[in-house]
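Participant: The structure is given below, and queries will be raised subsequently.
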Amino acid sequence: SGGAIPKGPVVCSTVCGNPYAGLVSHLRAAWLSGKTRPLEYRLAQLEALGRFLEEKKQDILEATALDMGKPSFEAYFTEILLCKNELNNTLNNLSHWMKDEHVDKNLVTQLDSAFIRKDPYGVVLIIAPWNYPIHLFLVPLIGAIAAGNCVVVKPSEIAKNTERLVAEVLTCYLDSDCFAVVTAGVQETTRLLENKFDYIFFTGSPSVGRIVMTAAAKHLTPVTLELGGKNPCYVSDTCDVQNVARRVAWGRFFNAGQTCIAPDYILCSVEMQDKLMPALREAITEYFGPNPQESPDFARIVGDKQFRRVRALLCSGRVAIGGQTDEKERYIAPTVLADVQPCDPAMQEEIFGPILPIVVVADMDEAIDFINARPRPLAVYAFSCDSKVVNQVLEKTSSGCFCGNDTLMQVTLTSLPFGGIGNSGLGKYHGKFTFDTFSQHRGCLHRNMGLEALNSLRYPPYNQQKLGL
Ligand code: NAD
């Protein structure tokens with residue numbers, strides 16, 4: 001991985017001295033030809049994406065298993081099913097979404113046509129991370145194609161087996177005049193970003209998000225930034241402890257914790273911490289057996305660097321459950337840390353691994369203050385039998401998304417916008433929101449050539465009468 005191997009159209013590597021300039025100008029020419037605009041073209045490309053998902057299903061499951069030991073159920077659910085769900089929703093609604101939206105008019109424009117045209121941006125760049133290495137480029141790609149754009153996809157070089165699969169086969173399904181896959185590490189991506197794109201959709205860490213936004217600013221290119229952060233999970237004293245433990249453990253340990261919207265830490269009272277601990281232990285044993293290292297349903301950390309980073313967070317508070325590691329396998333047991341202090345290592349950065357710290361707070365108000373004193377998260381979770389408590393947490397905090405009494409499930413609805421706020425990102429997607437993200441809403445007025453007498457009221461020479469005074 002890391003080699004600059006632009007796939008798809010023939011690339012002239014010398015234009016402007018940038019290795020990707022030829023590729024970008026080739027795609028721009030294709031976009032300007034108008035080829036991507038007709039509904040039938042967009043539908044055909046989207047259907048081809050559907051065939052990619054169906055025919056390469058097994059290869060996707062194998063590649064993600066090699067990359068991070070992703071359990072096939074989890075891979076099937078997130079990389080295939082959720083993508084198909086987005087795809088079908090788009091195929092079913094695209095002709096309606098694409099329609100001009102006619103808007104209200106004033107007296108002078110009564111005989112005219114005033115409408116919003118959903119115009120494609122042009123040539124867009126999608127940069128994806130490694131944790132859901134198909135889903136996180138495919139869902140934006142569905143919207144980018146649906147909106148009529150040409151696209152460069154840059155998958156993550158860290159999930160190298162999936163990257164290879166995507167580079168080898170994706171462009172065989174798509175029109176290579178308009179869609180390309182670029183395999184690139186940091187250096188090559190830096191060069192890629194020197195080119196002028198018409199839109200950049202980035203998913204990854206807040207620090208790289210800043211780099212991407214800075215590169216985009218040079219060309220005044222609009223961006224969507226889907227970033228990470230620490231997602232708090234407040235558990236109130238009135239709740240069904242067993243169910244809370246099962247739902248939190250599922251969300252935290254899914255994909256071995258490498259999920260941007262995973263609950264990152266629990267905030268609860270000291271009494272609730274005592275009640276949650278046996279319930280969490282029970283849930284973990286139920287899910288992964290007595291030795292999670294032997295479970296086919298528990299993933300591994302994606303790489304050695306990431307393994308060492310996550311392992312270093314274990315020295316926070318007290319290991320109450322798990323804590324075992326195996327560097328050879330990049331295995332970190334599902335772990336719960338008790339009595340974690342805000343100054344502990346696990347509370348200084350996004351965990352992005354199978355570790356769940358519990359931070360004790362006095363009550364809901366202290367939990368809310370704790371959340372609001374930190375950067376705005378991608379997701380806030382709140383558990384309580386009392387819906388007033390859930391609503392209070394919703395009302396008094398700010399985050400990209402929110403889920404009461406469960407974790408992760410908010411992403412399964414194509415009807416909900418998905419995205420961050422502040423440190424967790426900028427812009428929204430999923431369902432129609434993805435189509436809108438990749439469409440320029442062009443305000444159009446098509447005037448009637450008649451009624452010139454009425455129009456002459458606004459032409460010079462001006463006088464008081466013309467103003468109606
Ligand atoms: P990352 O930011 O390291 O990398 C993301 C992408 O950026 C990769 O394709 C990588 O090649 C590229 N990249 C890395 N450094 C770069 C640089 N200096 N210049 C240009 N491009 C560069 O993120 P990651 O480790 O792949 O993913 C983990 C992060 O992504 C976590 O913070 C997680 O929360 C976040 N994430 C967010 C979402 C979301 O939807 N909001 C989804 C998944 C992951």
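Following the order of the structure tokens, chains are lettered A, B, ..., residues in each are numbered from 1, and ligands are numbered from 1.
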Do a neighbour search on region 280-286 of chain A at 12 Å with only C-alpha atoms, toss out local chain neighbours closer than 5 positions, and write the hits as a VMD selection string.
Facilitator: chain A and resid 241 to 254 266 272 to 275 291 to 295 297 to 298 320 to 322 333 to 338 354 356 358
Participant: Please, which residues of region 188-358 of chain A, numbered as in this document, come out alpha helix (DSSP H) from DSSP, as a PDB file with N, CA and C atoms, in the first residue's frame?
Facilitator:
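Result file follows (selection38.pdb):
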```
ATOM      1  N   GLU A 188       1.353  10.688  -0.553  1.00  0.00           N
ATOM      2  CA  GLU A 188       0.642  10.790  -1.832  1.00  0.00           C
ATOM      3  C   GLU A 188      -0.678  11.537  -1.660  1.00  0.00           C
ATOM      4  N   THR A 189      -1.339  11.322  -0.496  1.00  0.00           N
ATOM      5  CA  THR A 189      -2.618  12.023  -0.282  1.00  0.00           C
ATOM      6  C   THR A 189      -2.370  13.524  -0.189  1.00  0.00           C
ATOM      7  N   THR A 190      -1.229  13.894   0.378  1.00  0.00           N
ATOM      8  CA  THR A 190      -0.875  15.320   0.450  1.00  0.00           C
ATOM      9  C   THR A 190      -0.781  15.893  -0.974  1.00  0.00           C
ATOM     10  N   ARG A 191      -0.167  15.134  -1.886  1.00  0.00           N
ATOM     11  CA  ARG A 191      -0.064  15.599  -3.279  1.00  0.00           C
ATOM     12  C   ARG A 191      -1.449  15.630  -3.944  1.00  0.00           C
ATOM     13  N   LEU A 192      -2.239  14.604  -3.654  1.00  0.00           N
ATOM     14  CA  LEU A 192      -3.592  14.543  -4.236  1.00  0.00           C
ATOM     15  C   LEU A 192      -4.387  15.785  -3.843  1.00  0.00           C
ATOM     16  N   PRO A 206      -9.864  14.111  13.860  1.00  0.00           N
ATOM     17  CA  PRO A 206      -9.923  15.580  13.850  1.00  0.00           C
ATOM     18  C   PRO A 206      -8.592  16.209  13.407  1.00  0.00           C
ATOM     19  N   SER A 207      -7.447  15.603  13.761  1.00  0.00           N
ATOM     20  CA  SER A 207      -6.170  16.236  13.386  1.00  0.00           C
ATOM     21  C   SER A 207      -5.972  16.203  11.871  1.00  0.00           C
ATOM     22  N   VAL A 208      -6.293  15.080  11.224  1.00  0.00           N
ATOM     23  CA  VAL A 208      -6.152  15.034   9.761  1.00  0.00           C
ATOM     24  C   VAL A 208      -7.273  15.871   9.113  1.00  0.00           C
ATOM     25  N   GLY A 209      -8.423  15.935   9.759  1.00  0.00           N
ATOM     26  CA  GLY A 209      -9.509  16.782   9.265  1.00  0.00           C
ATOM     27  C   GLY A 209      -9.040  18.228   9.092  1.00  0.00           C
ATOM     28  N   ARG A 210      -8.246  18.695  10.044  1.00  0.00           N
ATOM     29  CA  ARG A 210      -7.712  20.067   9.951  1.00  0.00           C
ATOM     30  C   ARG A 210      -6.797  20.214   8.732  1.00  0.00           C
ATOM     31  N   ILE A 211      -5.974  19.179   8.495  1.00  0.00           N
ATOM     32  CA  ILE A 211      -5.044  19.220   7.350  1.00  0.00           C
ATOM     33  C   ILE A 211      -5.847  19.275   6.048  1.00  0.00           C
ATOM     34  N   VAL A 212      -6.895  18.451   5.974  1.00  0.00           N
ATOM     35  CA  VAL A 212      -7.721  18.391   4.753  1.00  0.00           C
ATOM     36  C   VAL A 212      -8.441  19.722   4.529  1.00  0.00           C
ATOM     37  N   MET A 213      -8.967  20.288   5.615  1.00  0.00           N
ATOM     38  CA  MET A 213      -9.703  21.550   5.478  1.00  0.00           C
ATOM     39  C   MET A 213      -8.753  22.681   5.064  1.00  0.00           C
ATOM     40  N   THR A 214      -7.527  22.636   5.574  1.00  0.00           N
ATOM     41  CA  THR A 214      -6.544  23.653   5.192  1.00  0.00           C
ATOM     42  C   THR A 214      -6.214  23.539   3.707  1.00  0.00           C
ATOM     43  N   ALA A 215      -6.031  22.290   3.235  1.00  0.00           N
ATOM     44  CA  ALA A 215      -5.732  22.093   1.802  1.00  0.00           C
ATOM     45  C   ALA A 215      -6.916  22.552   0.958  1.00  0.00           C
ATOM     46  N   ALA A 216      -8.133  22.254   1.426  1.00  0.00           N
ATOM     47  CA  ALA A 216      -9.339  22.641   0.678  1.00  0.00           C
ATOM     48  C   ALA A 216      -9.477  24.160   0.626  1.00  0.00           C
ATOM     49  N   ALA A 217      -9.080  24.816   1.712  1.00  0.00           N
ATOM     50  CA  ALA A 217      -9.230  26.280   1.785  1.00  0.00           C
ATOM     51  C   ALA A 217      -8.423  26.981   0.695  1.00  0.00           C
ATOM     52  N   LYS A 218      -7.302  26.389   0.313  1.00  0.00           N
ATOM     53  CA  LYS A 218      -6.467  27.013  -0.738  1.00  0.00           C
ATOM     54  C   LYS A 218      -7.258  27.183  -2.026  1.00  0.00           C
ATOM     55  N   VAL A 241     -30.695  -2.301  34.621  1.00  0.00           N
ATOM     56  CA  VAL A 241     -29.232  -2.437  34.572  1.00  0.00           C
ATOM     57  C   VAL A 241     -28.774  -3.500  33.571  1.00  0.00           C
ATOM     58  N   GLN A 242     -29.487  -4.640  33.543  1.00  0.00           N
ATOM     59  CA  GLN A 242     -29.044  -5.718  32.627  1.00  0.00           C
ATOM     60  C   GLN A 242     -29.115  -5.246  31.170  1.00  0.00           C
ATOM     61  N   ASN A 243     -30.223  -4.610  30.822  1.00  0.00           N
ATOM     62  CA  ASN A 243     -30.378  -4.154  29.431  1.00  0.00           C
ATOM     63  C   ASN A 243     -29.380  -3.063  29.078  1.00  0.00           C
ATOM     64  N   VAL A 244     -29.145  -2.155  30.023  1.00  0.00           N
ATOM     65  CA  VAL A 244     -28.157  -1.094  29.770  1.00  0.00           C
ATOM     66  C   VAL A 244     -26.802  -1.741  29.504  1.00  0.00           C
ATOM     67  N   ALA A 245     -26.416  -2.691  30.360  1.00  0.00           N
ATOM     68  CA  ALA A 245     -25.105  -3.328  30.215  1.00  0.00           C
ATOM     69  C   ALA A 245     -24.987  -4.015  28.862  1.00  0.00           C
ATOM     70  N   ARG A 246     -26.052  -4.711  28.444  1.00  0.00           N
ATOM     71  CA  ARG A 246     -26.002  -5.421  27.158  1.00  0.00           C
ATOM     72  C   ARG A 246     -25.872  -4.435  25.991  1.00  0.00           C
ATOM     73  N   ARG A 247     -26.624  -3.351  26.054  1.00  0.00           N
ATOM     74  CA  ARG A 247     -26.615  -2.401  24.928  1.00  0.00           C
ATOM     75  C   ARG A 247     -25.313  -1.591  24.877  1.00  0.00           C
ATOM     76  N   VAL A 248     -24.790  -1.256  26.055  1.00  0.00           N
ATOM     77  CA  VAL A 248     -23.531  -0.492  26.068  1.00  0.00           C
ATOM     78  C   VAL A 248     -22.372  -1.407  25.661  1.00  0.00           C
ATOM     79  N   ALA A 249     -22.362  -2.647  26.189  1.00  0.00           N
ATOM     80  CA  ALA A 249     -21.274  -3.569  25.854  1.00  0.00           C
ATOM     81  C   ALA A 249     -21.288  -3.888  24.359  1.00  0.00           C
ATOM     82  N   TRP A 250     -22.469  -4.044  23.801  1.00  0.00           N
ATOM     83  CA  TRP A 250     -22.554  -4.304  22.352  1.00  0.00           C
ATOM     84  C   TRP A 250     -21.929  -3.140  21.572  1.00  0.00           C
ATOM     85  N   GLY A 251     -22.331  -1.916  21.900  1.00  0.00           N
ATOM     86  CA  GLY A 251     -21.848  -0.740  21.163  1.00  0.00           C
ATOM     87  C   GLY A 251     -20.354  -0.493  21.372  1.00  0.00           C
ATOM     88  N   ARG A 252     -19.880  -0.767  22.584  1.00  0.00           N
ATOM     89  CA  ARG A 252     -18.455  -0.513  22.867  1.00  0.00           C
ATOM     90  C   ARG A 252     -17.552  -1.573  22.224  1.00  0.00           C
ATOM     91  N   PHE A 253     -17.981  -2.856  22.255  1.00  0.00           N
ATOM     92  CA  PHE A 253     -17.075  -3.924  21.825  1.00  0.00           C
ATOM     93  C   PHE A 253     -17.296  -4.384  20.387  1.00  0.00           C
ATOM     94  N   VAL A 270     -21.709   6.347  41.809  1.00  0.00           N
ATOM     95  CA  VAL A 270     -20.880   5.254  42.332  1.00  0.00           C
ATOM     96  C   VAL A 270     -21.736   4.015  42.593  1.00  0.00           C
ATOM     97  N   GLU A 271     -23.005   4.213  42.975  1.00  0.00           N
ATOM     98  CA  GLU A 271     -23.906   3.072  43.194  1.00  0.00           C
ATOM     99  C   GLU A 271     -24.168   2.359  41.860  1.00  0.00           C
ATOM    100  N   MET A 272     -24.396   3.141  40.825  1.00  0.00           N
ATOM    101  CA  MET A 272     -24.670   2.527  39.523  1.00  0.00           C
ATOM    102  C   MET A 272     -23.425   1.807  38.995  1.00  0.00           C
ATOM    103  N   GLN A 273     -22.264   2.358  39.259  1.00  0.00           N
ATOM    104  CA  GLN A 273     -21.026   1.670  38.848  1.00  0.00           C
ATOM    105  C   GLN A 273     -20.982   0.262  39.478  1.00  0.00           C
ATOM    106  N   ASP A 274     -21.331   0.178  40.756  1.00  0.00           N
ATOM    107  CA  ASP A 274     -21.323  -1.124  41.448  1.00  0.00           C
ATOM    108  C   ASP A 274     -22.330  -2.092  40.832  1.00  0.00           C
ATOM    109  N   LYS A 275     -23.485  -1.557  40.423  1.00  0.00           N
ATOM    110  CA  LYS A 275     -24.514  -2.436  39.841  1.00  0.00           C
ATOM    111  C   LYS A 275     -24.155  -2.836  38.411  1.00  0.00           C
ATOM    112  N   LEU A 276     -23.541  -1.900  37.692  1.00  0.00           N
ATOM    113  CA  LEU A 276     -23.236  -2.162  36.277  1.00  0.00           C
ATOM    114  C   LEU A 276     -22.150  -3.213  36.103  1.00  0.00           C
ATOM    115  N   MET A 277     -21.196  -3.252  37.049  1.00  0.00           N
ATOM    116  CA  MET A 277     -20.023  -4.096  36.841  1.00  0.00           C
ATOM    117  C   MET A 277     -20.375  -5.576  36.629  1.00  0.00           C
ATOM    118  N   PRO A 278     -21.171  -6.200  37.557  1.00  0.00           N
ATOM    119  CA  PRO A 278     -21.525  -7.606  37.298  1.00  0.00           C
ATOM    120  C   PRO A 278     -22.363  -7.765  36.028  1.00  0.00           C
ATOM    121  N   ALA A 279     -23.211  -6.776  35.744  1.00  0.00           N
ATOM    122  CA  ALA A 279     -24.069  -6.875  34.544  1.00  0.00           C
ATOM    123  C   ALA A 279     -23.215  -6.789  33.277  1.00  0.00           C
ATOM    124  N   LEU A 280     -22.192  -5.938  33.295  1.00  0.00           N
ATOM    125  CA  LEU A 280     -21.305  -5.830  32.128  1.00  0.00           C
ATOM    126  C   LEU A 280     -20.503  -7.124  31.965  1.00  0.00           C
ATOM    127  N   ARG A 281     -20.055  -7.686  33.111  1.00  0.00           N
ATOM    128  CA  ARG A 281     -19.280  -8.942  33.044  1.00  0.00           C
ATOM    129  C   ARG A 281     -20.148 -10.043  32.426  1.00  0.00           C
ATOM    130  N   GLU A 282     -21.403 -10.080  32.865  1.00  0.00           N
ATOM    131  CA  GLU A 282     -22.335 -11.087  32.344  1.00  0.00           C
ATOM    132  C   GLU A 282     -22.563 -10.909  30.833  1.00  0.00           C
ATOM    133  N   ALA A 283     -22.748  -9.652  30.428  1.00  0.00           N
ATOM    134  CA  ALA A 283     -22.991  -9.382  29.002  1.00  0.00           C
ATOM    135  C   ALA A 283     -21.768  -9.784  28.174  1.00  0.00           C
ATOM    136  N   ILE A 284     -20.582  -9.444  28.658  1.00  0.00           N
ATOM    137  CA  ILE A 284     -19.352  -9.754  27.916  1.00  0.00           C
ATOM    138  C   ILE A 284     -19.178 -11.267  27.798  1.00  0.00           C
ATOM    139  N   THR A 285     -19.456 -11.985  28.874  1.00  0.00           N
ATOM    140  CA  THR A 285     -19.323 -13.450  28.835  1.00  0.00           C
ATOM    141  C   THR A 285     -20.366 -14.052  27.903  1.00  0.00           C
ATOM    142  N   GLU A 286     -21.581 -13.488  27.962  1.00  0.00           N
ATOM    143  CA  GLU A 286     -22.639 -13.992  27.078  1.00  0.00           C
ATOM    144  C   GLU A 286     -22.256 -13.793  25.602  1.00  0.00           C
ATOM    145  N   TYR A 287     -21.658 -12.636  25.298  1.00  0.00           N
ATOM    146  CA  TYR A 287     -21.321 -12.335  23.904  1.00  0.00           C
ATOM    147  C   TYR A 287     -20.096 -13.114  23.416  1.00  0.00           C
ATOM    148  N   PHE A 288     -19.056 -13.184  24.267  1.00  0.00           N
ATOM    149  CA  PHE A 288     -17.759 -13.672  23.768  1.00  0.00           C
ATOM    150  C   PHE A 288     -17.236 -14.914  24.506  1.00  0.00           C
ATOM    151  N   ASP A 304      -0.176  -2.558  14.492  1.00  0.00           N
ATOM    152  CA  ASP A 304       0.683  -2.569  15.695  1.00  0.00           C
ATOM    153  C   ASP A 304       0.711  -1.207  16.377  1.00  0.00           C
ATOM    154  N   LYS A 305       0.797  -0.164  15.570  1.00  0.00           N
ATOM    155  CA  LYS A 305       0.859   1.191  16.142  1.00  0.00           C
ATOM    156  C   LYS A 305      -0.421   1.482  16.938  1.00  0.00           C
ATOM    157  N   GLN A 306      -1.555   1.132  16.327  1.00  0.00           N
ATOM    158  CA  GLN A 306      -2.842   1.372  16.978  1.00  0.00           C
ATOM    159  C   GLN A 306      -2.974   0.503  18.233  1.00  0.00           C
ATOM    160  N   PHE A 307      -2.444  -0.755  18.159  1.00  0.00           N
ATOM    161  CA  PHE A 307      -2.498  -1.661  19.316  1.00  0.00           C
ATOM    162  C   PHE A 307      -1.752  -1.038  20.501  1.00  0.00           C
ATOM    163  N   ARG A 308      -0.552  -0.553  20.244  1.00  0.00           N
ATOM    164  CA  ARG A 308       0.268  -0.002  21.339  1.00  0.00           C
ATOM    165  C   ARG A 308      -0.392   1.251  21.926  1.00  0.00           C
ATOM    166  N   ARG A 309      -0.996   2.041  21.062  1.00  0.00           N
ATOM    167  CA  ARG A 309      -1.665   3.254  21.556  1.00  0.00           C
ATOM    168  C   ARG A 309      -2.826   2.891  22.492  1.00  0.00           C
ATOM    169  N   VAL A 310      -3.655   1.923  22.074  1.00  0.00           N
ATOM    170  CA  VAL A 310      -4.819   1.557  22.892  1.00  0.00           C
ATOM    171  C   VAL A 310      -4.356   0.880  24.186  1.00  0.00           C
ATOM    172  N   ARG A 311      -3.353  -0.004  24.077  1.00  0.00           N
ATOM    173  CA  ARG A 311      -2.876  -0.724  25.275  1.00  0.00           C
ATOM    174  C   ARG A 311      -2.397   0.255  26.346  1.00  0.00           C
TER     175      ARG A 311
END
```
Participant: Using only C-alpha atoms and all ligand atoms, find each protein or nucleic acid residue lying at most 7 Å from ligand 1; present the set as a ChimeraX atom specification.
Facilitator: /A:127-132,136,154-158,184-186,189-190,203-209,211-212,226-229,259-260,350,352,378,419-420,424-425
Participant: Keeping only C-alpha atoms, write those residues as a CSV table (one decimal), in the first residue's frame.
Facilitator:
```csv
chain,number,residue,atom,x,y,z
A,127,ILE,CA,-11.2,10.1,1.7
A,128,ALA,CA,-12.0,7.2,4.0
A,129,PRO,CA,-10.6,5.7,7.2
A,130,TRP,CA,-9.9,2.0,7.9
A,131,ASN,CA,-12.4,1.0,10.6
A,132,TYR,CA,-15.4,0.3,8.2
A,136,LEU,CA,-17.2,4.7,4.9
A,154,LYS,CA,-9.1,7.4,-1.6
A,155,PRO,CA,-9.6,4.3,0.7
A,156,SER,CA,-7.5,3.9,3.8
A,157,GLU,CA,-4.0,2.4,3.3
A,158,ILE,CA,-4.2,1.0,6.8
A,184,ALA,CA,-2.3,6.5,-1.3
A,185,GLY,CA,-0.5,6.9,2.0
A,186,VAL,CA,0.0,10.2,3.7
A,189,THR,CA,-2.6,12.0,-0.3
A,190,THR,CA,-0.9,15.3,0.4
A,203,THR,CA,-13.9,10.8,7.2
A,204,GLY,CA,-11.1,10.3,9.8
A,205,SER,CA,-9.5,11.9,12.8
A,206,PRO,CA,-9.9,15.6,13.9
A,207,SER,CA,-6.2,16.2,13.4
A,208,VAL,CA,-6.2,15.0,9.8
A,209,GLY,CA,-9.5,16.8,9.3
A,211,ILE,CA,-5.0,19.2,7.4
A,212,VAL,CA,-7.7,18.4,4.8
A,226,GLU,CA,-16.8,13.3,9.5
A,227,LEU,CA,-14.5,13.1,12.5
A,228,GLY,CA,-14.2,11.3,15.8
A,229,GLY,CA,-13.9,12.1,19.5
A,259,THR,CA,-16.3,2.6,15.8
A,260,CYS,CA,-16.5,6.4,15.6
A,350,GLU,CA,-10.6,9.0,21.7
A,352,PHE,CA,-11.0,3.6,19.5
A,378,LEU,CA,-20.2,12.9,17.6
A,419,GLY,CA,-22.4,13.9,11.1
A,420,GLY,CA,-20.6,15.8,13.8
A,424,SER,CA,-16.5,15.9,15.7
A,425,GLY,CA,-17.0,17.4,12.2
```
Participant: Using only C-alpha atoms for the distances, tell me which of A:Leu467, A:Leu170, A:Leu165, A:Val340 is nearest to Leu66 (chain A).
Facilitator: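 Closest residue, counting only C-alpha atoms: A:Leu165.
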Participant: Given only C-alpha atoms as the basis, pick out the residue of A:Val393, A:Leu193, A:Ala114, A:Ile351 nearest to Tyr20 (chain A).
Facilitator: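 Answer, going by the shortest atom-to-atom distance: A:Leu193.
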Participant: Just checking: using only C-alpha atoms, which residue out of A:Gly422, A:Gly17, A:Pro290, A:Gly143 ends up closest to Pro377 (chain A)?
Facilitator: A:Gly422
Participant: Nearest to Arg318 (chain A) among A:Glu168, A:Asp339, A:Asp240, A:Asp112, with distances taken over only C-alpha atoms: which residue is it?
Facilitator: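 Closest residue, counting only C-alpha atoms: A:Asp339.
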Participant: I need the residues in region 39-152 of chain A that are strand (DSSP E) according to DSSP; give them as a PDB file with C-alpha atoms, in the first residue's frame.
Facilitator:
```pdb
ATOM      1  CA  GLU A 101     -38.040  22.361  -6.519  1.00  0.00           C
ATOM      2  CA  HIS A 102     -40.455  25.133  -7.455  1.00  0.00           C
ATOM      3  CA  SER A 113     -40.400  30.035 -13.266  1.00  0.00           C
ATOM      4  CA  ALA A 114     -38.505  30.093  -9.941  1.00  0.00           C
ATOM      5  CA  PHE A 115     -36.898  26.854  -8.854  1.00  0.00           C
ATOM      6  CA  ILE A 116     -34.013  25.176  -7.077  1.00  0.00           C
ATOM      7  CA  ARG A 117     -31.891  23.018  -9.374  1.00  0.00           C
ATOM      8  CA  LYS A 118     -29.905  20.216  -7.668  1.00  0.00           C
ATOM      9  CA  ASP A 119     -26.684  20.646  -9.575  1.00  0.00           C
ATOM     10  CA  PRO A 120     -23.717  18.312  -9.203  1.00  0.00           C
ATOM     11  CA  VAL A 123     -15.207  16.441  -9.434  1.00  0.00           C
ATOM     12  CA  VAL A 124     -15.327  15.331  -5.815  1.00  0.00           C
ATOM     13  CA  LEU A 125     -12.822  13.595  -3.572  1.00  0.00           C
ATOM     14  CA  ILE A 126     -13.809  11.038  -0.920  1.00  0.00           C
ATOM     15  CA  ILE A 127     -11.152  10.126   1.677  1.00  0.00           C
ATOM     16  CA  CYS A 150     -17.335  12.483 -11.000  1.00  0.00           C
ATOM     17  CA  VAL A 151     -15.458  10.971  -8.062  1.00  0.00           C
ATOM     18  CA  VAL A 152     -11.985  10.108  -6.830  1.00  0.00           C
TER      19      VAL A 152
END
```
Participant: Env of Tyr121 (chain A): 12 Å cut, atoms = only C-alpha atoms, seq-sep filter 3 positions within chain, self excluded. Answer as a ChimeraX atom specification.
Facilitator: /A:28,31-32,36-37,117-118,124-125,143-151,197-200,221-223,435-442
Participant: Give me a file of those residues, with C-alpha atoms, as a PDB file, in the first residue's frame.
Facilitator:
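Generated file (part-v1.pdb):
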```
ATOM      1  CA  ARG A  28     -13.222  17.162 -15.049  1.00  0.00           C
ATOM      2  CA  TRP A  31     -17.956  15.908 -15.947  1.00  0.00           C
ATOM      3  CA  LEU A  32     -18.076  18.880 -18.310  1.00  0.00           C
ATOM      4  CA  THR A  36     -23.005  12.008 -15.439  1.00  0.00           C
ATOM      5  CA  ARG A  37     -26.135  14.159 -15.456  1.00  0.00           C
ATOM      6  CA  ARG A 117     -31.891  23.018  -9.374  1.00  0.00           C
ATOM      7  CA  LYS A 118     -29.905  20.216  -7.668  1.00  0.00           C
ATOM      8  CA  VAL A 124     -15.327  15.331  -5.815  1.00  0.00           C
ATOM      9  CA  LEU A 125     -12.822  13.595  -3.572  1.00  0.00           C
ATOM     10  CA  GLY A 143     -24.662  10.106  -2.790  1.00  0.00           C
ATOM     11  CA  ALA A 144     -21.899  11.575  -4.965  1.00  0.00           C
ATOM     12  CA  ILE A 145     -22.953   9.435  -7.938  1.00  0.00           C
ATOM     13  CA  ALA A 146     -26.642  10.053  -7.252  1.00  0.00           C
ATOM     14  CA  ALA A 147     -25.981  13.789  -7.364  1.00  0.00           C
ATOM     15  CA  GLY A 148     -24.225  13.485 -10.757  1.00  0.00           C
ATOM     16  CA  ASN A 149     -20.581  14.025  -9.815  1.00  0.00           C
ATOM     17  CA  CYS A 150     -17.335  12.483 -11.000  1.00  0.00           C
ATOM     18  CA  VAL A 151     -15.458  10.971  -8.062  1.00  0.00           C
ATOM     19  CA  PHE A 197     -11.597  19.485  -6.291  1.00  0.00           C
ATOM     20  CA  ASP A 198     -15.133  20.844  -6.266  1.00  0.00           C
ATOM     21  CA  TYR A 199     -16.022  19.070  -3.015  1.00  0.00           C
ATOM     22  CA  ILE A 200     -14.067  17.034  -0.478  1.00  0.00           C
ATOM     23  CA  THR A 221     -13.352  23.948  -1.859  1.00  0.00           C
ATOM     24  CA  PRO A 222     -16.305  23.090   0.381  1.00  0.00           C
ATOM     25  CA  VAL A 223     -15.841  20.130   2.723  1.00  0.00           C
ATOM     26  CA  PHE A 435     -27.596  13.497  -2.022  1.00  0.00           C
ATOM     27  CA  ASP A 436     -28.024  17.056  -0.728  1.00  0.00           C
ATOM     28  CA  THR A 437     -24.419  17.182   0.500  1.00  0.00           C
ATOM     29  CA  PHE A 438     -23.128  16.432  -2.999  1.00  0.00           C
ATOM     30  CA  SER A 439     -25.613  18.752  -4.765  1.00  0.00           C
ATOM     31  CA  GLN A 440     -25.256  22.450  -5.215  1.00  0.00           C
ATOM     32  CA  HIS A 441     -28.670  23.975  -4.598  1.00  0.00           C
ATOM     33  CA  ARG A 442     -28.728  26.416  -7.479  1.00  0.00           C
TER      34      ARG A 442
END
```
